Each structure stands twice: as structure tokens, then as C-alpha cells.
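Asks: Next comes entry31.cif, mmCIF, C-alpha atoms and all ligand atoms:
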data_run
loop_
_atom_site.label_atom_id
_atom_site.label_comp_id
_atom_site.auth_asym_id
_atom_site.auth_seq_id
_atom_site.Cartn_x
_atom_site.Cartn_y
_atom_site.Cartn_z
CA MET A 1 14.58 -39.16 9.02
CA LYS A 2 15.53 -39.43 5.34
CA ASN A 3 19.14 -38.31 5.60
CA ARG A 4 21.37 -36.08 7.65
CA ARG A 5 20.58 -33.01 5.59
CA THR A 6 16.82 -33.47 5.90
CA PHE A 7 17.29 -34.01 9.63
CA LEU A 8 19.37 -30.87 9.89
CA LYS A 9 16.86 -28.86 7.90
CA ASN A 10 13.96 -30.08 10.03
CA THR A 11 15.88 -29.32 13.17
CA ILE A 12 16.62 -25.77 12.07
CA LEU A 13 13.00 -25.10 11.20
CA GLY A 14 11.68 -26.84 14.27
CA SER A 15 14.03 -24.95 16.53
CA LEU A 16 12.71 -21.67 15.19
CA ALA A 17 9.14 -22.43 16.00
CA LEU A 18 9.94 -23.94 19.37
CA GLY A 19 11.86 -20.88 20.43
CA TYR A 20 15.30 -22.38 20.91
CA THR A 21 18.25 -20.08 20.94
CA GLY A 22 20.25 -19.11 17.87
CA ALA A 23 22.71 -21.95 18.53
CA TYR A 24 20.24 -24.37 17.02
CA LEU A 25 19.53 -22.24 14.01
CA TYR A 26 22.75 -22.79 12.14
CA GLY A 27 23.92 -26.32 12.34
CA GLY A 28 23.17 -27.36 15.92
CA LEU A 29 21.08 -30.47 16.44
CA HIS A 30 18.24 -30.93 18.85
CA PRO A 31 16.35 -34.14 19.57
CA GLU A 32 12.94 -32.55 19.11
CA ASN A 33 12.69 -31.69 15.48
CA PRO A 34 9.11 -31.44 14.29
CA MET A 35 8.74 -29.87 10.88
CA ILE A 36 6.96 -26.71 11.91
CA VAL A 37 7.29 -24.63 8.75
CA PRO A 38 4.97 -26.44 6.33
CA GLU A 39 6.40 -27.49 2.98
CA SER A 40 3.79 -25.28 1.34
CA TYR A 41 5.43 -22.23 2.89
CA ASN A 42 7.96 -21.33 0.26
CA PRO A 43 8.78 -18.47 0.60
CA TRP A 44 7.83 -17.35 4.09
CA ILE A 45 8.59 -14.58 6.60
CA GLU A 46 9.67 -15.07 10.21
CA LEU A 47 9.01 -12.15 12.55
CA SER A 48 11.06 -11.68 15.69
CA ARG A 49 8.88 -10.76 18.63
CA SER A 50 11.83 -9.70 20.76
CA ALA A 51 13.32 -7.48 18.03
CA TYR A 52 10.03 -5.59 17.66
CA LEU A 53 9.72 -5.11 21.40
CA ARG A 54 13.35 -3.97 21.70
CA ASN A 55 13.03 -1.53 18.81
CA ALA A 56 9.88 -0.01 20.32
CA LYS A 57 11.74 0.52 23.61
CA LEU A 58 14.70 2.17 21.86
CA ILE A 59 12.46 4.46 19.82
CA SER A 60 10.49 5.57 22.86
CA GLU A 61 13.73 6.21 24.76
CA LYS A 62 14.95 8.39 21.89
CA ALA A 63 11.70 10.37 22.20
CA ASN A 64 12.30 10.82 25.95
CA GLY A 65 9.78 8.18 26.96
CA ARG A 66 6.93 9.34 24.76
CA GLY A 67 4.51 6.76 23.43
CA ILE A 68 4.63 5.43 19.90
CA LEU A 69 1.80 5.48 17.43
CA ALA A 70 3.05 2.63 15.25
CA VAL A 71 2.36 3.19 11.56
CA LEU A 72 1.28 -0.19 10.18
CA LYS A 73 -0.07 0.92 6.86
CA ASN A 74 0.45 -1.15 3.72
CA ASN A 75 0.29 -4.39 5.68
CA ALA A 76 2.90 -3.16 8.17
CA TYR A 77 5.22 -2.30 5.27
CA GLY A 78 4.70 -5.79 3.85
CA LEU A 79 5.43 -7.68 7.05
CA GLY A 80 1.89 -8.45 8.24
CA ASP A 81 -0.21 -5.79 9.98
CA VAL A 82 -2.09 -8.24 12.20
CA GLU A 83 1.04 -10.12 13.24
CA VAL A 84 3.07 -6.98 13.96
CA ALA A 85 0.16 -5.33 15.81
CA GLN A 86 -0.32 -8.45 17.94
CA ILE A 87 3.36 -8.31 18.93
CA LEU A 88 3.42 -4.57 19.63
CA ASP A 89 0.12 -4.74 21.50
CA GLU A 90 2.26 -6.17 24.32
CA SER A 91 4.68 -3.24 24.36
CA PRO A 92 4.33 -0.66 27.12
CA PHE A 93 6.02 1.84 24.78
CA VAL A 94 3.37 1.62 22.07
CA HIS A 95 0.28 3.75 22.47
CA GLY A 96 -1.51 2.41 19.41
CA PHE A 97 -1.54 1.81 15.67
CA ALA A 98 -2.13 3.97 12.63
CA LEU A 99 -3.35 2.53 9.33
CA VAL A 100 -4.91 3.97 6.20
CA ASN A 101 -7.43 1.26 5.32
CA ASP A 102 -10.72 0.86 7.16
CA ARG A 103 -10.96 -2.91 6.66
CA ARG A 104 -7.43 -3.45 7.95
CA CYS A 105 -8.29 -1.46 11.10
CA LEU A 106 -11.21 -3.82 11.66
CA ALA A 107 -9.01 -6.84 10.95
CA LEU A 108 -6.74 -5.79 13.82
CA ARG A 109 -9.69 -5.70 16.21
CA THR A 110 -11.04 -9.03 14.92
CA ASN A 111 -7.64 -10.50 15.70
CA GLY A 112 -7.68 -9.30 19.26
CA VAL A 113 -5.62 -6.08 19.09
CA LYS A 114 -6.57 -3.96 22.11
CA LYS A 115 -4.62 -0.73 21.85
CA ALA A 116 -5.88 2.45 20.14
CA ILE A 117 -6.25 2.34 16.37
CA LEU A 118 -6.23 5.46 14.22
CA LEU A 119 -7.56 5.34 10.67
CA MET A 120 -5.47 7.94 8.79
CA GLY A 121 -7.54 7.55 5.63
CA ASP A 122 -11.10 7.66 4.36
CA PHE A 123 -13.76 5.12 5.36
CA ASP A 124 -16.50 3.32 3.56
CA GLN A 125 -19.81 4.73 4.82
CA ASP A 126 -21.18 1.19 5.16
CA LEU A 127 -18.42 0.37 7.65
CA GLY A 128 -18.81 3.58 9.68
CA LEU A 129 -20.84 2.12 12.56
CA GLN A 130 -18.65 -0.96 12.77
CA LEU A 131 -15.56 1.25 13.00
CA VAL A 132 -16.88 3.41 15.83
CA GLN A 133 -18.30 0.42 17.69
CA ASN A 134 -14.80 -1.05 17.57
CA ASN A 135 -13.26 2.10 19.04
CA ILE A 136 -11.43 2.98 15.88
CA THR A 137 -10.53 6.65 15.75
CA LEU A 138 -11.51 8.33 12.50
CA SER A 139 -9.58 11.13 10.83
CA ALA A 140 -11.17 14.36 9.68
CA PHE A 141 -8.87 15.38 6.83
CA SER A 142 -11.07 17.60 4.59
CA MET A 143 -14.46 19.31 4.66
CA GLU A 144 -16.06 16.27 2.99
CA SER A 145 -14.62 13.80 5.47
CA THR A 146 -15.71 16.08 8.33
CA GLU A 147 -19.31 16.10 7.05
CA LYS A 148 -19.19 12.33 6.72
CA ILE A 149 -18.08 11.95 10.33
CA ILE A 150 -20.75 14.40 11.55
CA GLY A 151 -23.37 12.39 9.61
CA LEU A 152 -22.13 9.17 11.19
CA ALA A 153 -22.19 10.68 14.69
CA SER A 154 -25.85 11.68 14.17
CA THR A 155 -26.80 8.02 13.68
CA TYR A 156 -24.78 6.69 16.63
CA SER A 157 -25.64 6.86 20.30
CA GLY A 158 -22.08 6.45 21.62
CA GLN A 159 -18.97 8.58 21.27
CA VAL A 160 -17.23 8.94 17.94
CA LEU A 161 -13.47 9.28 18.38
CA VAL A 162 -11.87 11.69 15.93
CA GLU A 163 -8.39 13.02 15.19
CA LEU A 164 -7.78 16.11 13.11
CA TYR A 165 -5.40 15.66 10.22
CA LEU A 166 -3.74 18.94 9.26
CA ASP A 167 -1.75 19.63 6.13
CA THR A 168 1.22 21.73 7.19
CA GLY A 169 3.07 21.44 3.89
CA LEU A 170 3.24 17.86 2.63
CA GLY A 171 0.30 18.75 0.39
CA ARG A 172 -0.99 15.20 0.29
CA MET A 173 -3.64 14.74 2.97
CA GLY A 174 -5.22 16.83 5.69
CA MET A 175 -6.98 20.15 6.05
CA PRO A 176 -4.68 23.00 4.98
CA TYR A 177 -3.43 24.51 8.23
CA GLY A 178 -4.74 28.00 7.35
CA LYS A 179 -8.30 26.68 7.48
CA GLY A 180 -7.68 24.68 10.65
CA VAL A 181 -9.23 26.81 13.35
CA GLU A 182 -12.70 27.36 11.84
CA TRP A 183 -12.92 23.70 10.92
CA VAL A 184 -12.03 22.46 14.39
CA LYS A 185 -14.59 24.82 15.92
CA LYS A 186 -17.27 23.17 13.80
CA LEU A 187 -16.36 19.66 14.95
CA SER A 188 -15.86 20.54 18.58
CA ASN A 189 -19.51 21.60 18.90
CA ILE A 190 -20.94 18.15 18.19
CA PRO A 191 -21.78 16.51 21.54
CA ASN A 192 -20.89 12.89 20.73
CA ILE A 193 -17.71 13.64 18.80
CA ARG A 194 -14.62 13.43 20.97
CA ILE A 195 -11.57 15.11 19.48
CA GLU A 196 -8.78 12.89 20.67
CA GLY A 197 -5.86 14.31 18.78
CA MET A 198 -4.43 16.43 16.01
CA TYR A 199 -1.65 15.42 13.66
CA SER A 200 0.26 16.29 10.54
CA THR A 201 3.17 14.78 8.62
CA LEU A 202 6.60 16.28 8.23
CA THR A 203 8.53 16.34 4.98
CA THR A 204 12.18 15.25 4.83
CA PRO A 205 14.11 18.56 4.42
CA GLU A 206 14.95 19.63 7.95
CA ASP A 207 14.44 23.37 7.48
CA PHE A 208 10.99 22.92 5.97
CA ALA A 209 10.06 20.36 8.64
CA LYS A 210 10.89 23.05 11.22
CA GLU A 211 8.58 25.49 9.41
CA GLN A 212 5.85 22.82 9.44
CA ILE A 213 6.27 22.39 13.19
CA THR A 214 5.81 26.17 13.61
CA ARG A 215 2.62 26.03 11.53
CA PHE A 216 1.30 23.09 13.54
CA GLN A 217 2.15 24.78 16.82
CA GLY A 218 0.40 27.93 15.55
CA VAL A 219 -2.89 26.04 15.11
CA VAL A 220 -2.49 24.37 18.53
CA SER A 221 -1.98 27.78 20.18
CA GLN A 222 -4.98 29.33 18.42
CA LEU A 223 -7.16 26.43 19.55
CA GLU A 224 -5.89 26.77 23.12
CA GLU A 225 -6.88 30.45 23.05
CA MET A 226 -10.40 29.26 22.22
CA ASP A 227 -10.28 26.79 25.11
CA ILE A 228 -10.04 23.82 22.76
CA ASN A 229 -7.34 21.60 24.19
CA VAL A 230 -6.52 18.69 21.94
CA PRO A 231 -5.07 15.90 24.11
CA LYS A 232 -2.75 14.13 21.65
CA LEU A 233 -0.49 15.84 19.16
CA HIS A 234 1.79 13.98 16.78
CA ILE A 235 3.71 14.91 13.66
CA ALA A 236 6.97 12.94 13.53
CA PRO A 237 7.67 10.01 11.20
CA SER A 238 10.96 8.17 11.67
CA LEU A 239 13.32 10.70 10.09
CA SER A 240 12.11 13.76 11.97
CA MET A 241 11.79 11.92 15.25
CA LEU A 242 15.50 11.10 14.99
CA GLN A 243 16.60 14.54 13.82
CA LEU A 244 14.27 17.03 15.49
CA PRO A 245 13.44 16.66 19.17
CA GLU A 246 10.96 19.53 18.80
CA SER A 247 8.88 17.23 16.56
CA HIS A 248 8.10 14.79 19.36
CA PHE A 249 5.00 16.57 20.76
CA SER A 250 2.94 14.06 22.78
CA MET A 251 3.86 10.98 20.79
CA VAL A 252 5.97 9.92 17.83
CA ARG A 253 4.69 8.13 14.75
CA PRO A 254 7.37 5.94 13.18
CA GLY A 255 6.91 3.17 10.66
CA ILE A 256 10.21 1.94 9.26
CA LEU A 257 12.20 2.22 12.53
CA LEU A 258 9.96 -0.36 14.18
CA HIS A 259 11.05 -2.93 11.60
CA GLY A 260 14.68 -2.21 12.39
CA SER A 261 15.71 0.01 9.48
CA HIS A 262 16.44 3.70 9.20
CA PRO A 263 14.49 5.82 6.72
CA LEU A 264 17.48 6.76 4.58
CA VAL A 265 20.33 4.59 3.34
CA ASP A 266 22.93 7.26 4.17
CA MET A 267 21.96 8.50 7.62
CA LYS A 268 24.45 10.33 9.82
CA ALA A 269 25.67 7.99 12.56
CA THR A 270 24.43 10.44 15.21
CA ASP A 271 20.90 10.09 13.85
CA THR A 272 20.80 6.31 14.06
CA LEU A 273 19.61 3.90 16.74
CA ALA A 274 20.93 0.42 17.54
CA LEU A 275 17.85 -1.18 16.00
CA GLN A 276 17.47 -4.87 15.24
CA PRO A 277 16.11 -6.08 11.91
CA THR A 278 12.85 -7.77 12.83
CA TYR A 279 12.37 -10.38 10.16
CA ARG A 280 13.78 -13.09 8.00
CA LEU A 281 12.60 -13.58 4.44
CA ARG A 282 13.22 -17.25 3.68
CA ALA A 283 12.75 -19.83 0.98
CA ARG A 284 13.86 -23.37 0.32
CA VAL A 285 16.07 -24.34 -2.61
CA ILE A 286 13.96 -26.15 -5.23
CA ARG A 287 16.57 -26.93 -7.88
CA VAL A 288 20.34 -27.32 -8.03
CA GLU A 289 21.92 -27.83 -11.46
CA LYS A 290 25.37 -27.68 -12.94
CA LEU A 291 25.36 -25.29 -15.91
CA LYS A 292 28.15 -24.99 -18.42
CA LYS A 293 30.64 -22.28 -19.26
CA GLY A 294 28.91 -19.90 -21.73
CA ASP A 295 25.37 -20.74 -20.54
CA THR A 296 23.18 -17.82 -19.54
CA ILE A 297 20.50 -17.40 -16.89
CA GLY A 298 17.25 -15.43 -17.11
CA PHE A 299 15.14 -13.87 -19.83
CA SER A 300 17.54 -11.06 -20.53
CA ARG A 301 20.50 -13.48 -20.37
CA PHE A 302 21.96 -11.05 -17.85
CA TYR A 303 24.25 -13.58 -16.20
CA LYS A 304 26.68 -15.45 -18.41
CA LEU A 305 28.73 -18.28 -16.89
CA GLU A 306 32.45 -17.80 -17.22
CA ASN A 307 33.07 -21.35 -16.01
CA ASP A 308 30.98 -24.43 -15.30
CA GLU A 309 28.97 -23.54 -12.25
CA TRP A 310 26.34 -24.95 -9.88
CA ILE A 311 23.23 -22.79 -9.84
CA ALA A 312 20.51 -22.96 -7.19
CA THR A 313 16.92 -21.83 -7.69
CA LEU A 314 14.68 -20.27 -5.04
CA PRO A 315 10.94 -19.93 -5.68
CA ILE A 316 10.76 -16.21 -5.00
CA GLY A 317 10.97 -13.28 -7.38
CA TRP A 318 9.85 -9.75 -8.00
CA ALA A 319 6.18 -10.79 -8.16
CA ASP A 320 6.56 -11.72 -4.48
CA GLY A 321 8.12 -8.34 -3.78
CA TYR A 322 11.75 -9.45 -3.77
CA PHE A 323 13.68 -6.52 -5.19
CA SER A 324 14.70 -7.21 -8.79
CA GLY A 325 17.85 -5.11 -8.29
CA ALA A 326 19.14 -7.96 -6.09
CA GLU A 327 20.92 -9.27 -9.17
CA ASN A 328 23.17 -6.19 -8.99
CA GLY A 329 25.12 -7.64 -6.09
CA ALA A 330 22.88 -8.91 -3.29
CA LYS A 331 23.77 -12.02 -1.30
CA VAL A 332 21.69 -14.80 0.23
CA LEU A 333 22.65 -16.88 3.28
CA VAL A 334 22.36 -20.66 3.03
CA ASN A 335 23.98 -23.14 5.43
CA ASN A 336 26.00 -20.34 6.99
CA GLU A 337 27.50 -19.24 3.68
CA LEU A 338 26.72 -16.23 1.51
CA PHE A 339 25.90 -16.80 -2.16
CA LYS A 340 25.56 -14.24 -4.91
CA VAL A 341 22.17 -13.57 -6.53
CA VAL A 342 22.67 -13.74 -10.29
CA ASN A 343 19.12 -13.53 -11.60
CA VAL A 344 15.71 -12.33 -10.37
CA ASN A 345 12.60 -13.10 -12.42
CA ALA A 346 8.94 -12.77 -11.45
CA SER A 347 8.68 -16.01 -9.49
CA HIS A 348 12.24 -17.28 -9.17
CA CYS A 349 15.72 -16.16 -8.41
CA ASN A 350 19.05 -17.89 -8.87
CA LEU A 351 22.19 -18.14 -6.79
CA SER A 352 25.64 -18.90 -8.04
CA ILE A 353 27.09 -21.56 -5.75
CA GLY A 354 30.39 -22.13 -7.50
CA SER A 355 32.25 -25.12 -8.82
CA GLU A 356 31.23 -27.48 -5.99
CA LYS A 357 27.69 -28.67 -5.34
CA SER A 358 27.55 -27.21 -1.85
CA LEU A 359 23.75 -26.87 -1.65
CA GLU A 360 20.89 -29.34 -1.90
CA VAL A 361 17.24 -29.12 -2.77
CA GLY A 362 15.40 -28.32 0.47
CA ASP A 363 18.14 -26.19 2.03
CA VAL A 364 16.76 -23.10 3.73
CA ALA A 365 17.92 -19.76 2.34
CA THR A 366 17.65 -16.46 4.17
CA LEU A 367 17.26 -13.68 1.63
CA ILE A 368 16.84 -10.93 4.21
CA GLY A 369 17.50 -11.21 7.93
CA PRO A 370 19.53 -10.04 10.88
CA ASP A 371 22.11 -12.85 10.61
CA ARG A 372 24.79 -11.12 8.51
CA PRO A 373 25.33 -7.43 7.68
CA GLU A 374 25.02 -8.19 3.95
CA ILE A 375 21.47 -9.51 4.28
CA THR A 376 19.96 -7.04 6.72
CA PRO A 377 17.41 -4.83 4.96
CA GLU A 378 19.93 -1.98 5.09
CA GLY A 379 22.87 -4.13 3.95
CA PHE A 380 20.80 -5.58 1.15
CA SER A 381 19.72 -2.08 0.02
CA GLU A 382 23.30 -0.97 -0.14
CA LEU A 383 24.42 -3.99 -2.19
CA SER A 384 21.49 -3.83 -4.58
CA ASN A 385 21.09 -0.06 -4.87
CA GLY A 386 17.72 -0.21 -3.20
CA HIS A 387 16.06 1.74 -0.42
CA ASN A 388 15.30 0.84 3.17
CA TYR A 389 11.54 0.54 2.62
CA LEU A 390 12.06 -2.49 0.36
CA GLN A 391 9.82 -4.85 2.34
CA ILE A 392 6.79 -2.73 1.52
CA GLN A 393 6.61 -4.65 -1.76
CA TYR A 394 6.32 -8.09 -0.15
CA LYS A 395 3.18 -9.81 -1.27
CA GLU A 396 0.51 -10.15 1.37
CA SER A 397 0.15 -13.85 0.61
CA ILE A 398 3.67 -14.69 1.88
CA PRO A 399 2.96 -16.67 5.09
CA LYS A 400 4.21 -15.17 8.36
CA ILE A 401 5.52 -16.98 11.42
CA VAL A 402 6.08 -15.17 14.70
CA SER A 403 9.26 -16.50 16.30
CA ASP A 404 10.80 -16.17 19.73
CA ALA A 405 14.06 -17.67 18.49
CA PHE A 406 15.89 -14.59 17.24
C1 LIG B 1 1.08 9.97 7.96
C2 LIG B 1 2.31 9.14 8.15
N1 LIG B 1 2.92 9.15 9.33
C3 LIG B 1 4.01 8.40 9.56
C4 LIG B 1 4.55 7.59 8.60
C5 LIG B 1 5.77 6.76 8.93
O1 LIG B 1 6.84 7.02 8.10
P1 LIG B 1 8.26 6.31 8.36
O2 LIG B 1 8.08 4.90 7.95
O3 LIG B 1 9.19 7.04 7.48
O4 LIG B 1 8.52 6.43 9.80
C6 LIG B 1 3.96 7.56 7.35
C7 LIG B 1 4.53 6.73 6.31
O5 LIG B 1 4.40 6.92 5.13
C8 LIG B 1 2.80 8.36 7.12
O6 LIG B 1 2.20 8.36 5.93
#
What would you get if you wrote out this structure as C-alpha cells?

Replies:
Amino acid sequence: MKNRRTFLKNTILGSLALGYTGAYLYGGLHPENPMIVPESYNPWIELSRSAYLRNAKLISEKANGRGILAVLKNNAYGLGDVEVAQILDESPFVHGFALVNDRRCLALRTNGVKKAILLMGDFDQDLGLQLVQNNITLSAFSMESTEKIIGLASTYSGQVLVELYLDTGLGRMGMPYGKGVEWVKKLSNIPNIRIEGMYSTLTTPEDFAKEQITRFQGVVSQLEEMDINVPKLHIAPSLSMLQLPESHFSMVRPGILLHGSHPLVDMKATDTLALQPTYRLRARVIRVEKLKKGDTIGFSRFYKLENDEWIATLPIGWADGYFSGAENGAKVLVNNELFKVVNVNASHCNLSIGSEKSLEVGDVATLIGPDRPEITPEGFSELSNGHNYLQIQYKESIPKIVSDAF
């Protein structure tokens, strides 16, 4: 033990990994203090297993017990698709996972994820067999993708699982709903293609989302008349699942809610759930210096010191995905105290710590986390004029730790 501060720091980090309760996280001491977060992790992300599992339960309850198809695209919105899928694989409320990248679907399987996986995007023909052998459900979203799937099924002896992606008005992906019936007929005649589900995506304006639901339902009814019963139907991302119960169909398909944030910064209170932010974005202080009145910080010299001030540096910036707008008013928690972010560059950011040297090199800073309202993803977005999907920018290379401690 080098000094009390090092001991304290090691204890805090060790307690996280060992799963001790929050009491040890901020200042409490514990005799077992192995340094679990390696020094090379700077910054890093801690994921809360219990927060993910609680959020999934709350979401499913809101959808009257329906299952969740958890959208983990874009590396689970920057938080680690494998790690989050491994956590939610344990949840009885989660039916499966939806991603848009074929290789990431396979990565989930390689890492032991057992639940259903839906690929909501295109696939590389060379990976086709591997995908179906790993029970990954493919999406037919256009005539070309349908032909590709039919071609794949002709070379495979087992069943190819397929979901039908309909465009009901988002205009981005999926077969336009007017062409839906003829197209489904074509696919439903191939013996080793099993149509497992049909889905679409709702837009944000409520009245148009309602029109989309009518269009979707119209295709479902037409298929039923032809004796084609599609077992799973899903259309609702987070916003519509909160606002429109008629969007729930057989399962709901949220992304952002699972991570503990609402889709919009200014949601009506009646449309919100008591979600828990699921992660901490952390870094250790690497420099503490006293700068002088009149000095400036950063390339644009955005922050000018009005008095002599201690300034701390964290090795995280916008190249890591930390929102550059943080310098507009965001706060960071260190040693139980909030400090103002005064500069964000590509690889570093700076905190103003005032006239006293109250921080040391090595102190652990929480840039985002559940610990104070100001640093939750939603609180941070409000202070920095951001949006609630901010974590989607986090660089994949930021190491992740799954914690049972918060
Ligand atoms: C097809 C589809 N479904 C669901 C979602 C989840 O959206 P949200 O994170 O707003 O719940 C997305 C996200 O972009 C999506 O593309």
C-alpha cells in the first residue's frame, strides 16, 4: 500500500469487481482490496447486471408481460453487444436479440448467447451457412434479399429461419407494405424456410405511428385470410411501446430503454418508467496542475481562468465517444464531489477543481453513471444539450467490466 489514497482507490475498484455493496464504492474500506480494474483500463465502462435485469422486467411489465426483442445494434448502443447480451440472456423477460451486422450476430453465439438472434440487416453470402447453422434468423427486407435467402435455403439441408421486414412508412428498410402479400406467398412456399415473424418500425409522430400500425395489421389480416399465420409480430421501439399499447403485438423491440434512458429528453412523466441507468463510464485522473488567472485551456481557448485554479485531466475525449458538448455544463463525479467539465478534446477532457488541490492523479472519475442525477445519461444530456442516445458514440475499444456491485 503506497498511501491512503492509493489504498482507497484500490479498495473502491476492488469492491466493484468483488460485488460488494455500494457502501464500499464511495469511501468505505474493505480488507480485501485487489486491484481488479487494470491500470491499462483508462477509460473503461462498468455494466450493472442487476440494472439490466430490472429494466427488462419493467419494460415487459409495461407491455403487459410480453417478451422483449432487445435491440443490440451498434455494439449495444456503444455499451458492448456481447456483454449486454450475456447479461440479458439470463432474463426471463427477454425473448432474444436483434442486431444489424451478421458478424456481430455470430459473435454473440461464439460467446455463448443462447436466446434467439434476429439479423435485421443484410448478410455476407459467405457467412450464410454459418448464420443458419447458428440458428440466426435472417430478415427478408427486399426482393433481392429474398432471392438471396431462397438461394441459401437451396444449399442447406436444415431449416432456414426468416422474419419478414415490412416498410410501413419509415422508408428506410423493409418491403413496402403494399407489396407484402405477394412477396410473403413466394417465401412461404419454400419447404425449408420457416417464417418465424414479421416486423416493421414505427416513426416518432404518434398519429403516423397509428397509421403504420393499421398498415401492418392490414398485411397480417390479408395473410391470415390466405392461411399464412406468422407467429411473431413486432413493431414497437421504445417510444411507441411507451405511448401506444396497440403497438405491442406479440413482443416489443426496445433499445434505449434497456440501458436505462428514455428515447426523448423531454418525455411526459406518464410515458416514463422507473428505469435504472445501467453503466458507469469511468476514467482515472492522469494530471493535476495549478494554472494561473488568465490562462486558457484547449485548442479553441474556450475556457479562460478567472482566478488561479487547479485543473484535472482525464484521458477521455470525443474520439472515445465522450460528447464534446460536455464542456457546455456537464459535471463529473470524483471522490463524491461533482466537478465541472471545462474542455473536451479528442483524447482528453479537463475538470475545474477550484482553488484547492482536492484531487490526485489516480483518482477515479465517473463521467456517466447512476450515482447522481447530474451524471445519469439523461441528466448529462440535459446539462450538455445532448440526446439520450449519447452512448452510441462510445468507442468499441473501451474495455467493459460486468459488475454486480450497483
Ligand atoms: C428496427 C429497429 N427497431 C427498434 C429499434 C430500437 O429503438 P429505440 O432504441 O428507440 O428503442 C431500432 C433502433 O434504431 C431499430 O432500428

Asks: Contacts of Glu289 of chain A at 7 Å or less, counting all atoms listed in the file, minus same-chain residues fewer than 3 places along, as a PyMOL selection string?

Replies: chain A and resi 310-312

Asks: Do you know which residues are within 6 Å of ligand LIG 1 (chain B) using all atoms listed in the file? Can you write them as a list in words?

Replies: Val71, Thr201, Pro237, Ser238, Arg253, Pro254, Gly255, Ile256 and Pro263 of chain A

Asks: Report, in Å to a single decimal, how far apart atom CA of Thr270 of chain A and atom CA of Lys62 of chain A are.

Replies: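 Atom CA of Thr270 of chain A lies 11.8 Å from atom CA of Lys62 of chain A.
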
Asks: Any idea what's packed within 12 Å of Lys186 of chain A, counting all atoms listed in the file, ignoring anything in its chain fewer than 2 positions away? Could you give it as a ChimeraX atom specification?

Replies: /A:140,143,146-147,149-150,164,179-184,188-191,193,195,228

Asks: Counting all atoms listed in the file, write as a list in words all protein and nucleic acid residues lying at most 7 Å from (4.9, 12.3, 20.4) in the file's frame.

Replies: Arg66, Gly67, Ile68, Leu233, His234, His248, Phe249, Ser250, Met251 and Val252 of chain A

Asks: Closest to His95 of chain A among A:Leu79, A:Ala405, A:Leu119, A:Ala70, using all atoms listed in the file?

Replies: A:Ala70

Asks: Measuring between only C-alpha atoms, which one of A:Gln391, A:Gln276, A:Gln222, A:Asn192 shows the shortest distance to Phe406 of chain A?

Replies: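 The shortest atom-to-atom distance to Phe406 of chain A comes from A:Gln276.
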
Asks: Which residues are close to segment 47-58 of chain A, i.e. within 7 Å by only C-alpha atoms, leaving aside same-chain residues fewer than 6 positions away? Reply as a PDB file with C-alpha atoms, keeping the file's coordinate frame.

Replies:
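So part34.pdb came out as:
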ATOM      1  CA  ILE A  87       3.360  -8.310  18.930  1.00  0.00           C
ATOM      2  CA  LEU A  88       3.420  -4.570  19.630  1.00  0.00           C
ATOM      3  CA  SER A  91       4.680  -3.240  24.360  1.00  0.00           C
ATOM      4  CA  PHE A  93       6.020   1.840  24.780  1.00  0.00           C
ATOM      5  CA  VAL A  94       3.370   1.620  22.070  1.00  0.00           C
ATOM      6  CA  LEU A 258       9.960  -0.360  14.180  1.00  0.00           C
ATOM      7  CA  HIS A 259      11.050  -2.930  11.600  1.00  0.00           C
ATOM      8  CA  GLY A 260      14.680  -2.210  12.390  1.00  0.00           C
ATOM      9  CA  LEU A 275      17.850  -1.180  16.000  1.00  0.00           C
ATOM     10  CA  GLN A 276      17.470  -4.870  15.240  1.00  0.00           C
ATOM     11  CA  PRO A 277      16.110  -6.080  11.910  1.00  0.00           C
ATOM     12  CA  THR A 278      12.850  -7.770  12.830  1.00  0.00           C
ATOM     13  CA  TYR A 279      12.370 -10.380  10.160  1.00  0.00           C
ATOM     14  CA  ARG A 280      13.780 -13.090   8.000  1.00  0.00           C
ATOM     15  CA  ILE A 401       5.520 -16.980  11.420  1.00  0.00           C
ATOM     16  CA  VAL A 402       6.080 -15.170  14.700  1.00  0.00           C
ATOM     17  CA  SER A 403       9.260 -16.500  16.300  1.00  0.00           C
ATOM     18  CA  ASP A 404      10.800 -16.170  19.730  1.00  0.00           C
ATOM     19  CA  PHE A 406      15.890 -14.590  17.240  1.00  0.00           C
TER      20      PHE A 406
END

Asks: If we count only C-alpha atoms, what is near Asn135 of chain A at a cut-off of 9 Å, once residues fewer than 4 positions away on the same chain are taken out, given as a ChimeraX atom specification?

Replies: /A:116-117,130-131,159-161

Asks: Generate the output file for the selected residues, C-alpha atoms, as an mmCIF file, in the frame of the given file.

Replies:
data_model
loop_
_atom_site.group_PDB
_atom_site.id
_atom_site.type_symbol
_atom_site.label_atom_id
_atom_site.label_comp_id
_atom_site.auth_asym_id
_atom_site.auth_seq_id
_atom_site.Cartn_x
_atom_site.Cartn_y
_atom_site.Cartn_z
ATOM 1 C CA ALA A 116 -5.880 2.450 20.140
ATOM 2 C CA ILE A 117 -6.250 2.340 16.370
ATOM 3 C CA GLN A 130 -18.650 -0.960 12.770
ATOM 4 C CA LEU A 131 -15.560 1.250 13.000
ATOM 5 C CA GLN A 159 -18.970 8.580 21.270
ATOM 6 C CA VAL A 160 -17.230 8.940 17.940
ATOM 7 C CA LEU A 161 -13.470 9.280 18.380
#

Asks: Would you be able to write out as a PyMOL selection string which residues have an atom within 8 Å of (12.9, -13.9, -5.4) in the file's coordinates, counting all atoms listed in the file?

Replies: chain A and resi 314-324+344-349

Asks: Just write the chosen residues, C-alpha atoms, as a compact mmCIF listing (two decimals), keeping the file's coordinate frame.

Replies:
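Contents of the output file part_36.txt:
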# COMPACT_ATOMS: atom_id res chain seq x y z
CA LEU A 314 14.68 -20.27 -5.04
CA PRO A 315 10.94 -19.93 -5.68
CA ILE A 316 10.76 -16.21 -5.00
CA GLY A 317 10.97 -13.28 -7.38
CA TRP A 318 9.85 -9.75 -8.00
CA ALA A 319 6.18 -10.79 -8.16
CA ASP A 320 6.56 -11.72 -4.48
CA GLY A 321 8.12 -8.34 -3.78
CA TYR A 322 11.75 -9.45 -3.77
CA PHE A 323 13.68 -6.52 -5.19
CA SER A 324 14.70 -7.21 -8.79
CA VAL A 344 15.71 -12.33 -10.37
CA ASN A 345 12.60 -13.10 -12.42
CA ALA A 346 8.94 -12.77 -11.45
CA SER A 347 8.68 -16.01 -9.49
CA HIS A 348 12.24 -17.28 -9.17
CA CYS A 349 15.72 -16.16 -8.41

Asks: Here is a test: counting all atoms listed in the file, which residue of A:Val342, A:Val332, A:Ala326, A:Ile398 is nearest to Glu374 of chain A?

Replies: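 Among A:Val342, A:Val332, A:Ala326, A:Ile398, it is A:Val332 that comes nearest to Glu374 of chain A.
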
Asks: Which residue, A:Gly218, A:Gly112, A:Pro231, A:Gly128, has the smallest gap to Glu163 of chain A when you use all atoms listed in the file?

Replies: A:Pro231

Asks: As lines of an AutoDock Vina configuration file, please: the centre and edge lengths in Å, to one decimal, of an axis-aligned box enclosing every listed atom of segment 102-105 of chain A with 4 Å added on each side.

Replies:
center_x = -9.2
center_y = -1.3
center_z = 8.9
size_x = 11.5
size_y = 12.3
size_z = 12.4
